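Below is one structure; the comments refer to it alone.
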Amino acid sequence: MANERDVPLLPEIERSSGELFRQSEGLEWIADDDVQSEAQHRALIATGVAFVAELEGRGVVAFLNGEVTPDALHIWQVAVHRDQQGRGIGRALIDAAQHHAIRHGVSSLTLTTFRTVPWNEPYYQRLGFVTLDHGHRGPRLEAVLQAEERAGLPIARRCAMRKPL
């Protein structure tokens, strides 16, 4: 679980993680976009779900945060420092979220992400998430996607996903 001492490290991890978007045509701007603030991280640590991955000799290199909703544990963000990507750290964080959800009687994980970006929708599909069409998202995920559109994300390239537990 994440704690207060981790907070100052998390925005930089997210910035580093976002560098990968420089390789995705039309989404390069995300690498320079805003990241979750320290205040947002503190709130999710206090009232939501927040995990970090720490490596010996390296410190905190990744995080996952989210919140338990009436129908799921919703993952807001998974970020792995660029120099640690591809080593299974993101998968381990998602496993931790899944175990947390099961322990708390939650029946699924949800998230929103980019379609067709290799480390987004296809990655989550390999982990057992299913892309939801419009009729199966429900009002909560529809509201999340609408908020993302208002925030400037290209909604045609976004999707909602669910992993039943």
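Chain labels run A, B, ... following the order of the structure tokens; each chain numbers its residues from 1, and ligands are numbered from 1 in the order shown.
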Who sits within 10 Å of Arg157 of chain A, only C-alpha atoms, same chain under 3 positions skipped, as a PyMOL selection string: chain A and resi 27+113-117+153-154
Got time to write the residues from that selection, C-alpha atoms, as a PDB file, in the first residue's frame?
ATOM      1  CA  LEU A  27      -1.054  10.983 -28.697  1.00  0.00           C
ATOM      2  CA  THR A 113      -7.843   3.451 -21.515  1.00  0.00           C
ATOM      3  CA  PHE A 114      -6.769   4.066 -25.103  1.00  0.00           C
ATOM      4  CA  ARG A 115      -7.890   1.687 -27.815  1.00  0.00           C
ATOM      5  CA  THR A 116      -5.239  -0.087 -29.878  1.00  0.00           C
ATOM      6  CA  VAL A 117      -2.268   1.470 -28.028  1.00  0.00           C
ATOM      7  CA  LEU A 153      -8.964  13.224 -24.363  1.00  0.00           C
ATOM      8  CA  PRO A 154      -9.913  12.004 -27.862  1.00  0.00           C
TER       9      PRO A 154
END
Find the spatial neighbours of segment 29-33 of chain A, counting only C-alpha atoms, within a cut-off of 8 Å - ignore same-chain residues fewer than 5 positions away - and output them as an mmCIF file with N, CA and C atoms, in the first residue's frame.
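Generated output (out-v8.cif):
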data_model
loop_
_atom_site.group_PDB
_atom_site.id
_atom_site.type_symbol
_atom_site.label_atom_id
_atom_site.label_comp_id
_atom_site.auth_asym_id
_atom_site.auth_seq_id
_atom_site.Cartn_x
_atom_site.Cartn_y
_atom_site.Cartn_z
ATOM 1 N N ARG A 15 5.015 11.002 -14.976
ATOM 2 C CA ARG A 15 5.624 11.721 -16.106
ATOM 3 C C ARG A 15 6.534 10.788 -16.910
ATOM 4 N N GLY A 18 4.590 8.286 -18.922
ATOM 5 C CA GLY A 18 3.929 8.898 -20.073
ATOM 6 C C GLY A 18 4.830 9.127 -21.269
ATOM 7 N N GLU A 19 6.135 9.074 -21.078
ATOM 8 C CA GLU A 19 7.066 9.265 -22.194
ATOM 9 C C GLU A 19 6.809 8.278 -23.329
ATOM 10 N N LEU A 20 6.290 7.110 -22.993
ATOM 11 C CA LEU A 20 6.019 6.092 -24.002
ATOM 12 C C LEU A 20 5.024 6.597 -25.054
ATOM 13 N N PHE A 21 4.160 7.552 -24.676
ATOM 14 C CA PHE A 21 3.180 8.078 -25.624
ATOM 15 C C PHE A 21 3.829 8.853 -26.773
ATOM 16 N N ARG A 22 5.075 9.231 -26.641
ATOM 17 C CA ARG A 22 5.766 9.898 -27.751
ATOM 18 C C ARG A 22 5.862 8.961 -28.961
#
Residue list (helix (DSSP H, G or I), DSSP) for segment 82-116 of chain A, as number ranges by chain: A: 82-84, 89-103
Close residues, Leu145 of chain A itself excluded, 12 Å, only C-alpha atoms, min 3 positions apart in chain, as a ChimeraX atom specification: /A:76,111-114,132,134,137-142,148-161
Can those selected residues be exported to a file as a PDB file, in the first residue's frame so that it contains N, CA and C atoms?
ATOM      1  N   TRP A  76      -7.874   4.105 -11.613  1.00  0.00           N
ATOM      2  CA  TRP A  76      -7.709   5.423 -12.228  1.00  0.00           C
ATOM      3  C   TRP A  76      -6.394   5.520 -12.979  1.00  0.00           C
ATOM      4  N   LEU A 111     -11.650   0.035 -15.738  1.00  0.00           N
ATOM      5  CA  LEU A 111     -10.745   1.121 -16.081  1.00  0.00           C
ATOM      6  C   LEU A 111     -11.160   1.690 -17.426  1.00  0.00           C
ATOM      7  N   THR A 112     -10.619   2.843 -17.745  1.00  0.00           N
ATOM      8  CA  THR A 112     -10.744   3.387 -19.096  1.00  0.00           C
ATOM      9  C   THR A 112      -9.323   3.566 -19.620  1.00  0.00           C
ATOM     10  N   THR A 113      -9.180   3.423 -20.935  1.00  0.00           N
ATOM     11  CA  THR A 113      -7.843   3.451 -21.515  1.00  0.00           C
ATOM     12  C   THR A 113      -7.939   3.756 -23.007  1.00  0.00           C
ATOM     13  N   PHE A 114      -6.795   3.831 -23.658  1.00  0.00           N
ATOM     14  CA  PHE A 114      -6.769   4.066 -25.103  1.00  0.00           C
ATOM     15  C   PHE A 114      -6.922   2.765 -25.866  1.00  0.00           C
ATOM     16  N   LEU A 132     -15.798  -2.990 -23.212  1.00  0.00           N
ATOM     17  CA  LEU A 132     -17.253  -2.886 -23.115  1.00  0.00           C
ATOM     18  C   LEU A 132     -17.805  -1.989 -24.205  1.00  0.00           C
ATOM     19  N   HIS A 134     -20.968   0.300 -25.846  1.00  0.00           N
ATOM     20  CA  HIS A 134     -21.791   1.358 -25.258  1.00  0.00           C
ATOM     21  C   HIS A 134     -22.903   0.810 -24.361  1.00  0.00           C
ATOM     22  N   ARG A 137     -21.559  -0.525 -20.631  1.00  0.00           N
ATOM     23  CA  ARG A 137     -20.677   0.254 -19.750  1.00  0.00           C
ATOM     24  C   ARG A 137     -21.355   0.657 -18.451  1.00  0.00           C
ATOM     25  N   GLY A 138     -22.620   0.972 -18.509  1.00  0.00           N
ATOM     26  CA  GLY A 138     -23.329   1.462 -17.332  1.00  0.00           C
ATOM     27  C   GLY A 138     -23.087   2.949 -17.139  1.00  0.00           C
ATOM     28  N   PRO A 139     -23.902   3.576 -16.299  1.00  0.00           N
ATOM     29  CA  PRO A 139     -23.821   5.029 -16.135  1.00  0.00           C
ATOM     30  C   PRO A 139     -22.491   5.519 -15.552  1.00  0.00           C
ATOM     31  N   ARG A 140     -21.892   4.769 -14.637  1.00  0.00           N
ATOM     32  CA  ARG A 140     -20.643   5.233 -14.021  1.00  0.00           C
ATOM     33  C   ARG A 140     -19.517   5.317 -15.048  1.00  0.00           C
ATOM     34  N   LEU A 141     -19.322   4.273 -15.835  1.00  0.00           N
ATOM     35  CA  LEU A 141     -18.248   4.299 -16.831  1.00  0.00           C
ATOM     36  C   LEU A 141     -18.547   5.287 -17.954  1.00  0.00           C
ATOM     37  N   GLU A 142     -19.813   5.429 -18.310  1.00  0.00           N
ATOM     38  CA  GLU A 142     -20.180   6.453 -19.306  1.00  0.00           C
ATOM     39  C   GLU A 142     -19.803   7.838 -18.785  1.00  0.00           C
ATOM     40  N   GLU A 148     -13.593  12.446 -19.318  1.00  0.00           N
ATOM     41  CA  GLU A 148     -12.333  12.412 -20.056  1.00  0.00           C
ATOM     42  C   GLU A 148     -12.431  13.228 -21.343  1.00  0.00           C
ATOM     43  N   GLU A 149     -13.570  13.142 -22.012  1.00  0.00           N
ATOM     44  CA  GLU A 149     -13.765  13.934 -23.226  1.00  0.00           C
ATOM     45  C   GLU A 149     -13.735  15.429 -22.905  1.00  0.00           C
ATOM     46  N   ARG A 150     -14.410  15.831 -21.831  1.00  0.00           N
ATOM     47  CA  ARG A 150     -14.399  17.246 -21.431  1.00  0.00           C
ATOM     48  C   ARG A 150     -12.984  17.711 -21.078  1.00  0.00           C
ATOM     49  N   ALA A 151     -12.170  16.784 -20.585  1.00  0.00           N
ATOM     50  CA  ALA A 151     -10.791  17.118 -20.224  1.00  0.00           C
ATOM     51  C   ALA A 151      -9.860  17.144 -21.437  1.00  0.00           C
ATOM     52  N   GLY A 152     -10.386  16.827 -22.617  1.00  0.00           N
ATOM     53  CA  GLY A 152      -9.593  16.930 -23.838  1.00  0.00           C
ATOM     54  C   GLY A 152      -9.069  15.619 -24.404  1.00  0.00           C
ATOM     55  N   LEU A 153      -9.406  14.498 -23.789  1.00  0.00           N
ATOM     56  CA  LEU A 153      -8.964  13.224 -24.363  1.00  0.00           C
ATOM     57  C   LEU A 153      -9.797  12.893 -25.596  1.00  0.00           C
ATOM     58  N   PRO A 154      -9.179  12.346 -26.636  1.00  0.00           N
ATOM     59  CA  PRO A 154      -9.913  12.004 -27.862  1.00  0.00           C
ATOM     60  C   PRO A 154     -10.819  10.791 -27.612  1.00  0.00           C
ATOM     61  N   ILE A 155     -12.092  11.055 -27.391  1.00  0.00           N
ATOM     62  CA  ILE A 155     -13.032  10.026 -26.948  1.00  0.00           C
ATOM     63  C   ILE A 155     -13.156   8.875 -27.946  1.00  0.00           C
ATOM     64  N   ALA A 156     -12.981   9.141 -29.221  1.00  0.00           N
ATOM     65  CA  ALA A 156     -13.065   8.065 -30.217  1.00  0.00           C
ATOM     66  C   ALA A 156     -11.941   7.043 -30.031  1.00  0.00           C
ATOM     67  N   ARG A 157     -10.875   7.435 -29.331  1.00  0.00           N
ATOM     68  CA  ARG A 157      -9.750   6.531 -29.106  1.00  0.00           C
ATOM     69  C   ARG A 157      -9.759   5.921 -27.703  1.00  0.00           C
ATOM     70  N   ARG A 158     -10.833   6.163 -26.945  1.00  0.00           N
ATOM     71  CA  ARG A 158     -10.929   5.676 -25.578  1.00  0.00           C
ATOM     72  C   ARG A 158     -11.901   4.505 -25.491  1.00  0.00           C
ATOM     73  N   CYS A 159     -11.730   3.692 -24.480  1.00  0.00           N
ATOM     74  CA  CYS A 159     -12.667   2.599 -24.221  1.00  0.00           C
ATOM     75  C   CYS A 159     -12.748   2.349 -22.724  1.00  0.00           C
ATOM     76  N   ALA A 160     -13.811   1.691 -22.327  1.00  0.00           N
ATOM     77  CA  ALA A 160     -13.978   1.228 -20.946  1.00  0.00           C
ATOM     78  C   ALA A 160     -13.820  -0.276 -20.949  1.00  0.00           C
ATOM     79  N   MET A 161     -13.226  -0.800 -19.875  1.00  0.00           N
ATOM     80  CA  MET A 161     -12.958  -2.227 -19.789  1.00  0.00           C
ATOM     81  C   MET A 161     -13.342  -2.737 -18.404  1.00  0.00           C
TER      82      MET A 161
END
Test item, strand (DSSP E) assignment across segment 2-134 of chain A, answer as number ranges by chain: A: 49-55, 59-68, 73-80, 108-114, 130-132
Same residues, C-alpha atoms, saved as a CSV table (one decimal), in the first residue's frame:
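The result, written out as out_8.csv:
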chain,number,residue,atom,x,y,z
A,49,VAL,CA,-6.9,2.3,-3.2
A,50,ALA,CA,-3.2,3.0,-3.7
A,51,PHE,CA,-0.4,0.6,-4.3
A,52,VAL,CA,3.3,1.2,-5.0
A,53,ALA,CA,6.0,-1.1,-6.4
A,54,GLU,CA,9.3,-0.7,-4.7
A,55,LEU,CA,12.6,-2.3,-5.9
A,59,GLY,CA,12.9,2.7,-4.4
A,60,VAL,CA,9.4,3.3,-5.6
A,61,VAL,CA,9.2,2.7,-9.4
A,62,ALA,CA,5.5,2.3,-10.0
A,63,PHE,CA,2.0,2.9,-8.7
A,64,LEU,CA,-1.6,2.0,-9.1
A,65,ASN,CA,-4.5,4.0,-7.7
A,66,GLY,CA,-8.2,3.7,-7.9
A,67,GLU,CA,-11.3,3.6,-5.8
A,68,VAL,CA,-14.0,1.1,-4.8
A,73,LEU,CA,-12.7,-1.4,-8.0
A,74,HIS,CA,-12.1,1.3,-10.6
A,75,ILE,CA,-8.4,1.7,-11.6
A,76,TRP,CA,-7.7,5.4,-12.2
A,77,GLN,CA,-4.0,5.1,-13.0
A,78,VAL,CA,-1.3,2.6,-13.5
A,79,ALA,CA,2.2,4.1,-14.0
A,80,VAL,CA,5.5,2.4,-14.2
A,108,SER,CA,-14.8,-6.7,-10.9
A,109,LEU,CA,-12.1,-4.3,-11.9
A,110,THR,CA,-12.8,-1.5,-14.3
A,111,LEU,CA,-10.7,1.1,-16.1
A,112,THR,CA,-10.7,3.4,-19.1
A,113,THR,CA,-7.8,3.5,-21.5
A,114,PHE,CA,-6.8,4.1,-25.1
A,130,VAL,CA,-13.0,-7.2,-21.7
A,131,THR,CA,-13.7,-4.0,-23.8
A,132,LEU,CA,-17.3,-2.9,-23.1
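In this structure, atom CA of Asn3 of chain A sits 10.8 Å away from atom CA of Ala43 of chain A.
Put simply, atom CA of Val106 of chain A is 5.7 Å away from atom CA of Ala72 of chain A.
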Coordinates-based distance that separates atom CA of Leu10 of chain A from atom CA of Thr47 of chain A (Å, one decimal): 16.9 Å
